[in-house]
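A.B. asks: Starting off with a structure, shown below.
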2 protein chains.
Amino acid sequence: MTENRIFNFNAGPSALPLTVLKEIQASFLNFKGSGMSITEISHRSGLFDEVINDTVARTRRLFNIDEKYHVLFIQGGASLQFAMIPMNFLGKDAAADYVNTGTWSTKAIKEAKLLEKKVNVAASSEDKNFCYIPQNIEFNKDAKYVHITSNNTIKGTQWHKFPDTNGVPIVSDMSSDIFSRPLEMDKFGMIYAGAQKNMGPAGVCMVILRDDMLKLSEELLQSENKTLPNMLRYNTYSSQNSMYNTPNCFGIYTIQLVIKWIEEDMGGLAKMESHNQEKGKMLYDFIDNSNFYRATADRDSRSLMNVTFRLPSEELEKEFISQATKSGLGGLKGHRSVGGCRASIYNATTMEGIAALINFMKSFATGK
Amino acid sequence: MTENRIFNFNAGPSALPLTVLKEIQASFLNFKGSGMSITEISHRSGLFDEVINDTVARTRRLFNIDEKYHVLFIQGGASLQFAMIPMNFLGKDAAADYVNTGTWSTKAIKEAKLLEKKVNVAASSEDKNFCYIPQNIEFNKDAKYVHITSNNTIKGTQWHKFPDTNGVPIVSDMSSDIFSRPLEMDKFGMIYAGAQKNMGPAGVCMVILRDDMLKLSEELLQSENKTLPNMLRYNTYSSQNSMYNTPNCFGIYTIQLVIKWIEEDMGGLAKMESHNQEKGKMLYDFIDNSNFYRATADRDSRSLMNVTFRLPSEELEKEFISQATKSGLGGLKGHRSVGGCRASIYNATTMEGIAALINFMKSFATGK
């Protein structure tokens, strides 16, 4: 690869498209002829208005949604959303359904419970160490929302078909697979995603909020939520184009370039999905045909973003990761909580990267 | 100036040292030989540990403080701190003193009141449109803290001597003058600052928290604050080196480079202060000796960071700002809430920039 760059399989922060990095670099001292860096321009300037408005417009085009969906940029990552969601949508007597598919779902559930909200865990795959996505779930018809994690970075599972919730809006943490495929947006009351996997640098969370959910939160602000801090209210962001205070301008700018790349270079979300399917198939097929490597997630729940696998022993895994790093293949260590190996192959991972990984895996296995 | 850069007098986000921008640019595709961009490396890596630990160590050295002070990085800007401060430090029966010196103080007070906390406005300069810093204030001895805004970007005033609070810890918003001068840190229970004026890009807030304040917040977490969200608890950050979740890595990295520049290139905070005094004196002296320009803040309360001034008429101000922009002097418009002109001359503003501004001001006045 050029510029002595490695093949980066980090789970997040993770690889960004090289063309995006190069554009940021080229304009870093002088953004659009302003004589200033993107980090030095006012968020109240026309220049930045263009950045944020274009990012919102591209997001709406890519997901085929209209102004009924508010596209917001909030700091604090998905972890702050774990609190904001129940705080904004659940009054004293209201309840929400949560599906537990691993670490991040568990955290979202814990946070809602910490806030003393009524949480019903409608389904969980904890019985099998979260290696699958639960099916045929019975949801509570009175739930204000159903919370899911669309892709589980740590366990390497992903929802391939979103559940039927009897019209209850789905609220989904999509931190690790947003913009990786088209979505049936009608099902979702809210989507949120920390930028640092598929969109940009850490420090900004995109929230796509449907108008009925915003209204629900505004009703609560009028009644029992009067003391909610301004920075934790969704309408603080929706009413001021995410600029009640200074947003993470650099993060939003990077997202703009990344989704421009998806729209213009990759050809949109359907093509992005095909590309991701092709990459995933190539890697999973290789693993499945190997006697040396073993994929850990159930076949029909496998993630196209995070491919988790094991080697015959922990010693071999250690050696594998170490040799891979030396060979210019980075970030293949599994999450510290589960061990093993993991190749995160987000949107920005190229076929060239997958081929290089498979070649290395082949030669490593042959040598053993 | 080189690279077709302008002289940038924006109030925030604002000018950063050119040497810092160049270093970011040069390493943007390959950070320290990792083969990855700073935006692509894991926050759980040794590479990033070095970044954050060095930023903390340099902050402690510059302010001459030890480990009794926790240096934290929190998202959400100073605006989120307006809520976190009363939420973490004020129990039901406790009260805090606030000094109101303008827009940002007013917002901090409003947010504490929204949370139904006991707020005492111990002093205010609202009677004279916030053109001065109140003196000889009587503080409540039982207050848990005294909140001030050390520098007021909009009104152009600054605390030059911090008040005697009878030992009550000062909590100061220093978003617009942190690292501009040495501080008697004994007086402060907490300092916080959005990065986007004197430290880096928007999207990260530095919090320097003294151990006794952290303990106060931890006691409340054990008693009446059990439902406080994890992301709003100071000890979530202090116990995990600001990495409970993914921090704004790029923002922290930029802060590291900026304070390295202060420490190594500028020679520390005492020298930084002299430099800022020299810049401020040059510009205020010119204004004071002019019959055309008029400084708006009281002489002994003038900010060394934001120089607010008026011209004989609003039409002339409009023309001044427009011609200045065309001459490569950007960001001279006063805040939209007050009008007039403002030159923000933070740490990164050079003597060359001040000289260019004065030259322009001279020739503009002569032409009228």
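Each chain of the structure tokens is named A, B, ... in the order shown, its residues numbered from 1; ligands are numbered from 1 in display order.
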If we count only C-alpha atoms and set the cut-off at 12 Å, which residues sit around Ser27 (chain A), ignoring sequence neighbours fewer than 3 positions away in its own chain? Please answer as a list in words.
C.D. replies: Val20, Leu21, Lys22, Glu23, Ile24, Asn30, Phe31, Lys32, Gly33, Ser34, Gly35, Met36, Ser37, Ile38, Thr39 and Tyr253 of chain A; Glu3, Asn4, Arg5, Leu21, Lys22, Ile24, Gln25, Ala26 and Phe28 of chain B
A.B. asks: For the selection just defined, write its residues with N, CA, C and O atoms to a file, as an mmCIF file, in the first residue's frame.
C.D. replies:
```
data_model
loop_
_atom_site.group_PDB
_atom_site.id
_atom_site.type_symbol
_atom_site.label_atom_id
_atom_site.label_comp_id
_atom_site.auth_asym_id
_atom_site.auth_seq_id
_atom_site.Cartn_x
_atom_site.Cartn_y
_atom_site.Cartn_z
ATOM 1 N N VAL A 20 -10.284 10.160 1.411
ATOM 2 C CA VAL A 20 -10.791 11.145 2.378
ATOM 3 C C VAL A 20 -9.638 11.720 3.201
ATOM 4 O O VAL A 20 -9.513 12.937 3.376
ATOM 5 N N LEU A 21 -8.781 10.845 3.691
ATOM 6 C CA LEU A 21 -7.633 11.315 4.482
ATOM 7 C C LEU A 21 -6.771 12.270 3.656
ATOM 8 O O LEU A 21 -6.302 13.290 4.165
ATOM 9 N N LYS A 22 -6.599 11.932 2.389
ATOM 10 C CA LYS A 22 -5.757 12.786 1.532
ATOM 11 C C LYS A 22 -6.390 14.153 1.311
ATOM 12 O O LYS A 22 -5.691 15.161 1.256
ATOM 13 N N GLU A 23 -7.714 14.187 1.178
ATOM 14 C CA GLU A 23 -8.386 15.477 0.987
ATOM 15 C C GLU A 23 -8.257 16.340 2.247
ATOM 16 O O GLU A 23 -8.009 17.544 2.160
ATOM 17 N N ILE A 24 -8.431 15.721 3.413
ATOM 18 C CA ILE A 24 -8.265 16.473 4.670
ATOM 19 C C ILE A 24 -6.849 17.022 4.756
ATOM 20 O O ILE A 24 -6.624 18.189 5.077
ATOM 21 N N ASN A 30 -5.466 25.351 4.636
ATOM 22 C CA ASN A 30 -6.244 26.354 3.903
ATOM 23 C C ASN A 30 -7.505 25.699 3.361
ATOM 24 O O ASN A 30 -7.520 25.166 2.258
ATOM 25 N N PHE A 31 -8.576 25.774 4.148
ATOM 26 C CA PHE A 31 -9.826 25.102 3.805
ATOM 27 C C PHE A 31 -10.628 25.937 2.808
ATOM 28 O O PHE A 31 -11.022 27.066 3.115
ATOM 29 N N LYS A 32 -10.822 25.396 1.619
ATOM 30 C CA LYS A 32 -11.606 26.053 0.570
ATOM 31 C C LYS A 32 -11.219 27.505 0.326
ATOM 32 O O LYS A 32 -12.087 28.387 0.218
ATOM 33 N N GLY A 33 -9.935 27.766 0.324
ATOM 34 C CA GLY A 33 -9.458 29.114 0.033
ATOM 35 C C GLY A 33 -9.740 30.134 1.120
ATOM 36 O O GLY A 33 -9.600 31.345 0.913
ATOM 37 N N SER A 34 -10.105 29.667 2.306
ATOM 38 C CA SER A 34 -10.432 30.594 3.397
ATOM 39 C C SER A 34 -9.177 31.155 4.064
ATOM 40 O O SER A 34 -9.246 32.131 4.816
ATOM 41 N N GLY A 35 -8.036 30.492 3.816
ATOM 42 C CA GLY A 35 -6.823 30.895 4.524
ATOM 43 C C GLY A 35 -6.787 30.391 5.952
ATOM 44 O O GLY A 35 -5.958 30.834 6.759
ATOM 45 N N MET A 36 -7.695 29.486 6.286
ATOM 46 C CA MET A 36 -7.758 28.911 7.635
ATOM 47 C C MET A 36 -7.906 27.400 7.519
ATOM 48 O O MET A 36 -8.403 26.888 6.519
ATOM 49 N N SER A 37 -7.506 26.698 8.582
ATOM 50 C CA SER A 37 -7.741 25.257 8.664
ATOM 51 C C SER A 37 -9.216 25.013 8.984
ATOM 52 O O SER A 37 -9.880 25.864 9.579
ATOM 53 N N ILE A 38 -9.718 23.849 8.625
ATOM 54 C CA ILE A 38 -11.076 23.474 9.017
ATOM 55 C C ILE A 38 -11.224 23.559 10.549
ATOM 56 O O ILE A 38 -12.318 23.841 11.053
ATOM 57 N N THR A 39 -10.136 23.375 11.270
ATOM 58 C CA THR A 39 -10.185 23.452 12.739
ATOM 59 C C THR A 39 -10.191 24.894 13.242
ATOM 60 O O THR A 39 -10.315 25.126 14.440
ATOM 61 N N TYR A 253 -17.063 17.441 9.447
ATOM 62 C CA TYR A 253 -16.427 17.609 8.131
ATOM 63 C C TYR A 253 -15.928 16.263 7.596
ATOM 64 O O TYR A 253 -16.125 15.933 6.420
ATOM 65 N N GLU B 3 1.492 30.119 2.725
ATOM 66 C CA GLU B 3 0.377 29.230 2.350
ATOM 67 C C GLU B 3 -0.938 29.976 2.140
ATOM 68 O O GLU B 3 -2.015 29.417 2.357
ATOM 69 N N ASN B 4 -0.866 31.242 1.783
ATOM 70 C CA ASN B 4 -2.081 32.037 1.576
ATOM 71 C C ASN B 4 -2.999 32.044 2.777
ATOM 72 O O ASN B 4 -4.215 32.075 2.643
ATOM 73 N N ARG B 5 -2.412 31.932 3.961
ATOM 74 C CA ARG B 5 -3.239 31.965 5.163
ATOM 75 C C ARG B 5 -3.545 33.416 5.532
ATOM 76 O O ARG B 5 -2.794 34.332 5.236
ATOM 77 N N LEU B 21 -0.376 22.985 13.158
ATOM 78 C CA LEU B 21 -1.147 22.552 11.989
ATOM 79 C C LEU B 21 -0.261 21.797 11.001
ATOM 80 O O LEU B 21 -0.662 20.785 10.437
ATOM 81 N N LYS B 22 0.961 22.299 10.830
ATOM 82 C CA LYS B 22 1.871 21.643 9.881
ATOM 83 C C LYS B 22 2.262 20.248 10.351
ATOM 84 O O LYS B 22 2.403 19.333 9.547
ATOM 85 N N ILE B 24 0.423 18.252 12.245
ATOM 86 C CA ILE B 24 -0.746 17.380 12.034
ATOM 87 C C ILE B 24 -0.827 16.980 10.568
ATOM 88 O O ILE B 24 -1.021 15.818 10.222
ATOM 89 N N GLN B 25 -0.655 17.965 9.707
ATOM 90 C CA GLN B 25 -0.750 17.703 8.274
ATOM 91 C C GLN B 25 0.303 16.689 7.816
ATOM 92 O O GLN B 25 -0.010 15.724 7.107
ATOM 93 N N ALA B 26 1.535 16.895 8.265
ATOM 94 C CA ALA B 26 2.637 16.044 7.800
ATOM 95 C C ALA B 26 2.430 14.586 8.212
ATOM 96 O O ALA B 26 2.794 13.665 7.475
ATOM 97 N N PHE B 28 -0.488 13.106 8.837
ATOM 98 C CA PHE B 28 -1.910 12.742 8.825
ATOM 99 C C PHE B 28 -2.198 11.371 8.197
ATOM 100 O O PHE B 28 -3.189 10.720 8.518
#
```
A.B. asks: Within 7 Å of Pro13 (chain B), counting only C-alpha atoms, which residues show up once you throw out same-chain ones fewer than 5 positions away? Write them as a PDB file with N, CA and C atoms, in the first residue's frame, please.
C.D. replies:
```pdb
ATOM      1  N   THR A  39     -10.136  23.375  11.270  1.00  0.00           N
ATOM      2  CA  THR A  39     -10.185  23.452  12.739  1.00  0.00           C
ATOM      3  C   THR A  39     -10.191  24.894  13.242  1.00  0.00           C
ATOM      4  N   GLU A  40     -10.040  25.859  12.331  1.00  0.00           N
ATOM      5  CA  GLU A  40      -9.934  27.258  12.750  1.00  0.00           C
ATOM      6  C   GLU A  40     -11.113  28.116  12.296  1.00  0.00           C
ATOM      7  N   ILE A  41     -12.029  27.538  11.514  1.00  0.00           N
ATOM      8  CA  ILE A  41     -13.135  28.371  11.013  1.00  0.00           C
ATOM      9  C   ILE A  41     -14.282  28.391  12.010  1.00  0.00           C
ATOM     10  N   SER A  42     -15.028  29.469  12.004  1.00  0.00           N
ATOM     11  CA  SER A  42     -16.160  29.601  12.925  1.00  0.00           C
ATOM     12  C   SER A  42     -17.287  28.654  12.529  1.00  0.00           C
TER      13      SER A  42
ATOM     14  N   GLN B 196     -11.707  24.867  21.791  1.00  0.00           N
ATOM     15  CA  GLN B 196     -11.707  25.530  20.478  1.00  0.00           C
ATOM     16  C   GLN B 196     -11.254  26.983  20.455  1.00  0.00           C
ATOM     17  N   LYS B 197     -10.703  27.495  21.564  1.00  0.00           N
ATOM     18  CA  LYS B 197     -10.174  28.849  21.504  1.00  0.00           C
ATOM     19  C   LYS B 197      -8.657  28.851  21.680  1.00  0.00           C
ATOM     20  N   PRO B 201      -9.152  21.902  18.402  1.00  0.00           N
ATOM     21  CA  PRO B 201     -10.410  21.942  17.650  1.00  0.00           C
ATOM     22  C   PRO B 201     -11.603  21.805  18.591  1.00  0.00           C
ATOM     23  N   ALA B 202     -12.789  22.147  18.139  1.00  0.00           N
ATOM     24  CA  ALA B 202     -13.998  21.980  18.944  1.00  0.00           C
ATOM     25  C   ALA B 202     -14.281  20.497  19.139  1.00  0.00           C
TER      26      ALA B 202
END
```
A.B. asks: From a DSSP pass on the backbone, collect the residues of region 182-263 of chain A flagged as strand (DSSP E or B) and hand them back as a ChimeraX atom specification.
C.D. replies: /A:188-194,205-210
A.B. asks: With C-alpha atoms retained, write the just-selected residues as a compact mmCIF listing (two decimals), in the first residue's frame.
C.D. replies:
```txt
# COMPACT_ATOMS: atom_id res chain seq x y z
CA PHE A 188 -36.81 3.06 12.94
CA GLY A 189 -37.78 5.80 15.36
CA MET A 190 -34.12 6.57 15.90
CA ILE A 191 -30.71 5.47 14.71
CA TYR A 192 -27.53 6.56 16.41
CA ALA A 193 -23.88 5.90 15.76
CA GLY A 194 -20.56 7.01 17.13
CA CYS A 205 -22.33 10.77 17.33
CA MET A 206 -24.85 10.96 14.51
CA VAL A 207 -28.48 10.72 15.60
CA ILE A 208 -31.26 10.26 13.04
CA LEU A 209 -34.47 10.99 14.88
CA ARG A 210 -37.99 10.62 13.50
```
A.B. asks: Using only C-alpha atoms, which residue out of B:Glu116, B:Leu90, B:Val171, B:Ala123 lies closest to Asp142 (chain B)?
C.D. replies: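 Closest candidate: B:Leu90.
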A.B. asks: Using only C-alpha atoms, which residues sit within 9 Å of Ile259 (chain A) once same-chain residues fewer than 2 positions away are excluded, as a list in words?
C.D. replies: Thr55, Arg58, Thr59, Leu62, Phe179, Met199, Thr254, Ile255, Gln256, Leu257, Trp261, Ile262, Glu263, Glu264 and Gly268 of chain A
A.B. asks: If you run DSSP over the backbone, which residues in region 153-272 of chain B end up helix (DSSP H, G or I)? Put them as a ChimeraX atom specification.
C.D. replies: /B:185-187,211-222,230-232,234-238,249-265,269-272
A.B. asks: Near region 103-114 of chain B, within 8 Å and counting only C-alpha atoms, which residues show up once chain neighbours fewer than 5 positions away are dropped, as a ChimeraX atom specification?
C.D. replies: /A:226-230 /B:79,82-83,86,98,119,148-149,152,154
A.B. asks: Between CA of Lys128 (chain B) and CA of Thr308 (chain B), what is the distance in Å, rounded to a tenth?
C.D. replies: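 Those two atoms sit 15.2 Å apart.
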A.B. asks: So that I can check the surroundings of Tyr293 (chain B), please list as a ChimeraX atom specification every protein, DNA and RNA residue that reaches within 12 Å of it, counting only C-alpha atoms and ignoring chain neighbours fewer than 3 positions away.
C.D. replies: /B:283-290,296,307-313,316-317,320,340-342,358,361-362,364-366,368
A.B. asks: Select, from A:Leu214, A:Val338, A:Ile321, A:Val204, the residue with the minimum atom-to-atom distance to chain B, counting only C-alpha atoms.
C.D. replies: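 Among the listed residues, the smallest separation from chain B belongs to A:Val204.
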A.B. asks: Within 6 Å of region 130-136 of chain A, counting only C-alpha atoms, which residues show up once you throw out same-chain ones fewer than 6 positions away? Write them as a PyMOL selection string, please.
C.D. replies: chain A and resi 101-102+297-298+301
A.B. asks: Can you spit out the residues from that selection as a compact mmCIF listing (two decimals), in the first residue's frame, using C-alpha atoms?
C.D. replies:
```txt
# COMPACT_ATOMS: atom_id res chain seq x y z
CA THR A 101 -27.00 -9.17 21.99
CA GLY A 102 -23.76 -8.43 23.80
CA ALA A 297 -20.56 -16.46 15.44
CA ASP A 298 -23.52 -18.55 14.29
CA SER A 301 -25.89 -14.10 12.51
```
A.B. asks: For chain B, which residue among A:Asn88, A:Asn245, A:Asn276, A:Asn151 is the nearest when counting only C-alpha atoms?
C.D. replies: A:Asn245
A.B. asks: For CA of Asp49 (chain B) and CA of Ala356 (chain A), quote the distance in Å rounded to one decimal.
C.D. replies: 28.6 Å
A.B. asks: Got a sec: who's within 9 Å of Phe162 (chain A), counting only C-alpha atoms, leaving out chain neighbours fewer than 4 positions off, as an mmCIF file with N, CA, C and O atoms, in the first residue's frame?
C.D. replies:
```cif
data_model
loop_
_atom_site.group_PDB
_atom_site.id
_atom_site.type_symbol
_atom_site.label_atom_id
_atom_site.label_comp_id
_atom_site.auth_asym_id
_atom_site.auth_seq_id
_atom_site.Cartn_x
_atom_site.Cartn_y
_atom_site.Cartn_z
ATOM 1 N N SER A 150 -27.496 -3.005 16.235
ATOM 2 C CA SER A 150 -27.607 -3.662 14.920
ATOM 3 C C SER A 150 -26.404 -4.539 14.596
ATOM 4 O O SER A 150 -26.529 -5.529 13.887
ATOM 5 N N ILE A 170 -38.312 1.136 16.386
ATOM 6 C CA ILE A 170 -37.011 0.588 16.783
ATOM 7 C C ILE A 170 -36.032 1.739 16.992
ATOM 8 O O ILE A 170 -35.994 2.682 16.210
ATOM 9 N N GLU A 184 -34.611 -0.149 5.776
ATOM 10 C CA GLU A 184 -36.043 0.154 5.712
ATOM 11 C C GLU A 184 -36.323 1.160 6.813
ATOM 12 O O GLU A 184 -36.625 0.792 7.953
ATOM 13 N N LYS A 187 -39.130 1.469 9.834
ATOM 14 C CA LYS A 187 -39.118 0.706 11.088
ATOM 15 C C LYS A 187 -38.469 1.458 12.241
ATOM 16 O O LYS A 187 -38.664 1.107 13.411
#
```
